[in-house]
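**Student:** The following block contains the structure, expressed as structure tokens.
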Amino acid sequence: MVKKPSALPRSFLSLRRLLRRSISGRHYRRTTSATGARAAAPAQDKLKDRTVLVDVEGWLLRSPLSAFPYFMLVAVEAGSFLRGLLLLLVYPVLCLLALIGLDLRLEAMVMVSLFGLREREVARVSKAVLPKFFLEDVTMEGLEAFKKAGTVVAVTAAFPRVMVEGFLKEYLGVHAVVGREVAVTAGRYVGFLEGEHAGMERVGAFLEKMEETRTKGDGAVGLLGAVGRVVHHVDSRYCKETYVLSKADKKAWQPLPRDKYPNKLVFHDGRLAFRPTFFAALAMYTFAPLGIILAALRCIAFGVLPYRVSVPLAAATGMRSRLVAGPSPDASREKNEAGGRLYVCNHRTLLDPITVAAGLNKPVTAVTYSVSPVSELLAPIRTARLTRDRDEDRRRMEALLARGDLVVCPEGTTCREAYLLRFSPLFAELTGEVTPVALDTRVDMFYGTSTKPGAKWLDPFYFMMNSRPEYRVEFLERVATAPADGEAGGHGHSIQAANRVQRVLGEALGFELTGLTRKDKYMMLAGNEGVVSGGAK
């Protein structure tokens, strides 16, 4: 007969914990939500300068039980579409096992999505790809509750820490993120997820350390959801006050509007343009064979046939092109002395110069910095490389403009969102006036841009794979770039002219102007300056 262990040690520990809390003045009170969504959240001033423990899934995100889309994103963007397909096939089996009481979904999704991947690649995806989708899932009321908090500690039980840390720290201003870790060997993930209690113990250690350094002993405040047994256990031990959000109240909370993001989402990466829920991902993989055929037909049409034939043919396959015709290029004055006209457009995809040529229905030349050789070979228009040497690039562009029309994208890199990056002023020194061209795109499945090196030549192909890709081209009134009578020229004037063209394009598109550059984009998304072997546009 096995002797039952004595309950004295456990009782003694509980008594010691109670005495310690009583001596430190911590009186614990649990506050639950009242009727209505807003009653569940404390007033901002009540949490001012206090330490707040936030349950990521239960309090902050609108769909805490839907972790599959984020693991699918990691599987596809950090791994491959084949890895994503494997996750899609495994997930229904995991759901069936969960129904009979064996819930292994989280551990299995971690294993399938992360096994064998490089640690730095997963970190890149969590920083450059996932924040867009997490931000779309954040509740406005949940975020506003702790805006004025002194220290915010985010706790996650449904995701590995590496998947949420970049989003929480860089876009929501969270000070610390505590979650479960995934085993790493030689810089690659093994796929084994540590136990629930290991991560929660780190939460307790962090909160105790914070309380020791604080001069005001007002205790931590917990913001929790209605579910999450382990998180509630930690909260009951270390938080003085707790606000628990019921499921009914959470349904009434609103998604966070884009204009209220704590940090603007100017750049993001990845191929998938939709939230890959199980059924959405299933639809994508079902459509993929047809998408490849459509992309091949569209690319061949634009590469071989004249524009008056290729544009209607692409439209018959679902590709929409909207041309907003401006003034005739030759209506107001004769061509400039260099012989051609300079078209200045914002940069959405590598297809921008081709769509400008299709809108004009005549050949043009496009200047590039680091497009892959494959892209140059397949391009149906003339392309010319620049060197990033200002004087040499100016000579080359003047020579190209002397031979015909020239298209430039002075942003230097693509931007998916409704923002315009800083314009390089070199184009304003080439001719007395330029023709701005406002470009916008819409996709439903795949983005036609990526900072991931190695497959840049596939960017146009991914854009063409969408079921109904759309390009909007608008030719605007010409803008003078030459100095007025009595006005000093030089580099300062060219900067002013470039800013004027940027402003004209921003007003036409309804985009916000920024001073960000290509270097800023690549440092944020890829951790480099954007000069990658093989081309990175």
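In the structure tokens, the first chain shown is A, the next is B, and so on; residue numbers restart at 1 for each chain, and ligands run from 1 in the order shown.
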Can you pull out every residue within 10 Å of A:Leu401, counting only C-alpha atoms, but drop anything in the same chain fewer than 3 positions away, and send it as a PyMOL selection string?
**Tutor:** chain A and resi 336-342+364-365+395-398+404-407+430-431
**Student:** With DSSP run on the backbone, what are the strand (DSSP E) residues within stretch 278-410 of chain A? I'd like them as a ChimeraX atom specification.
**Tutor:** /A:320-324,342-345,365-368,382-385,406-408
**Student:** For stretch 303-378 of chain A against stretch 496-517 of chain A, with a cut-off of 9 Å and counting only C-alpha atoms, what is the closest atom pair and its distance in Å to one decimal for every residue that makes the cut, ordered by chain and number, as a tab-separated table?
**Tutor:**
residue	atom	partner	partner_atom	distance
A:Val344	CA	A:Val501	CA	8.2
A:Cys345	CA	A:Leu505	CA	7.9
A:Asn346	CA	A:Leu505	CA	7.5
**Student:** Quick one: everything within 7 Å of stretch 45-57 of chain A, counting only C-alpha atoms, minus sequence neighbours fewer than 2 positions away in the same chain. Send it as a ChimeraX atom specification.
**Tutor:** /A:42-43,59-61,64,146,148-156,220-225
**Student:** Find the residue from A:Val76, A:Val479, A:Val125, A:Leu313 that sits nearest to A:Gly527; use only C-alpha atoms when measuring.
**Tutor:** A:Val125
**Student:** Extract, using only C-alpha atoms, all DNA, RNA and protein residues at most 12 Å from A:Arg390, discarding same-chain residues fewer than 3 positions from it, and format them as an MDAnalysis selection string.
**Tutor:** chainID A and resid 386:387 393:397 424:427 429 491
**Student:** Restricting it to N, CA and C atoms, dump the selection as a PDB file, in the first residue's frame.
**Tutor:**
ATOM      1  N   LEU A 386      20.691  51.154 -63.453  1.00  0.00           N
ATOM      2  CA  LEU A 386      21.402  52.285 -62.869  1.00  0.00           C
ATOM      3  C   LEU A 386      22.462  51.782 -61.893  1.00  0.00           C
ATOM      4  N   THR A 387      23.365  52.675 -61.538  1.00  0.00           N
ATOM      5  CA  THR A 387      24.539  52.245 -60.762  1.00  0.00           C
ATOM      6  C   THR A 387      24.551  52.743 -59.326  1.00  0.00           C
ATOM      7  N   ASP A 393      24.438  57.901 -63.183  1.00  0.00           N
ATOM      8  CA  ASP A 393      23.021  57.629 -63.435  1.00  0.00           C
ATOM      9  C   ASP A 393      22.367  58.778 -64.205  1.00  0.00           C
ATOM     10  N   ARG A 394      22.761  59.994 -63.916  1.00  0.00           N
ATOM     11  CA  ARG A 394      22.194  61.129 -64.631  1.00  0.00           C
ATOM     12  C   ARG A 394      22.580  61.080 -66.101  1.00  0.00           C
ATOM     13  N   ARG A 395      23.817  60.756 -66.389  1.00  0.00           N
ATOM     14  CA  ARG A 395      24.250  60.667 -67.788  1.00  0.00           C
ATOM     15  C   ARG A 395      23.477  59.572 -68.521  1.00  0.00           C
ATOM     16  N   ARG A 396      23.289  58.436 -67.863  1.00  0.00           N
ATOM     17  CA  ARG A 396      22.574  57.338 -68.509  1.00  0.00           C
ATOM     18  C   ARG A 396      21.108  57.695 -68.782  1.00  0.00           C
ATOM     19  N   MET A 397      20.472  58.315 -67.809  1.00  0.00           N
ATOM     20  CA  MET A 397      19.061  58.668 -67.983  1.00  0.00           C
ATOM     21  C   MET A 397      18.882  59.745 -69.039  1.00  0.00           C
ATOM     22  N   SER A 424      13.287  60.252 -54.848  1.00  0.00           N
ATOM     23  CA  SER A 424      14.650  60.672 -55.186  1.00  0.00           C
ATOM     24  C   SER A 424      14.572  61.823 -56.189  1.00  0.00           C
ATOM     25  N   PRO A 425      15.313  62.906 -55.989  1.00  0.00           N
ATOM     26  CA  PRO A 425      15.134  64.108 -56.821  1.00  0.00           C
ATOM     27  C   PRO A 425      15.866  64.086 -58.155  1.00  0.00           C
ATOM     28  N   LEU A 426      16.567  62.993 -58.486  1.00  0.00           N
ATOM     29  CA  LEU A 426      17.387  62.996 -59.691  1.00  0.00           C
ATOM     30  C   LEU A 426      16.557  63.241 -60.950  1.00  0.00           C
ATOM     31  N   PHE A 427      15.352  62.702 -61.020  1.00  0.00           N
ATOM     32  CA  PHE A 427      14.537  62.846 -62.234  1.00  0.00           C
ATOM     33  C   PHE A 427      14.208  64.311 -62.519  1.00  0.00           C
ATOM     34  N   GLU A 429      16.057  66.797 -62.449  1.00  0.00           N
ATOM     35  CA  GLU A 429      17.174  67.503 -63.065  1.00  0.00           C
ATOM     36  C   GLU A 429      17.325  67.165 -64.541  1.00  0.00           C
ATOM     37  N   HIS A 491      20.618  71.429 -56.601  1.00  0.00           N
ATOM     38  CA  HIS A 491      20.065  70.246 -55.927  1.00  0.00           C
ATOM     39  C   HIS A 491      18.878  70.609 -55.036  1.00  0.00           C
TER      40      HIS A 491
END
**Student:** Considering only C-alpha atoms, can you say which of A:Phe159, A:Tyr91, A:Tyr261, A:Phe192 comes closest to A:Gly173?
**Tutor:** A:Tyr261
**Student:** Taking into account only C-alpha atoms, which residue in the set A:Leu272, A:Leu97, A:Leu104, A:Val231 is nearest to A:Met72?
**Tutor:**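 Among the listed residues, the smallest separation from A:Met72 belongs to A:Leu272.
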**Student:** Between A:Asp444, A:Ala252, A:Tyr471, A:Val182, single out the one closest to A:Val311, counting only C-alpha atoms.
**Tutor:**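 Distance minimum relative to A:Val311 lands on A:Tyr471.
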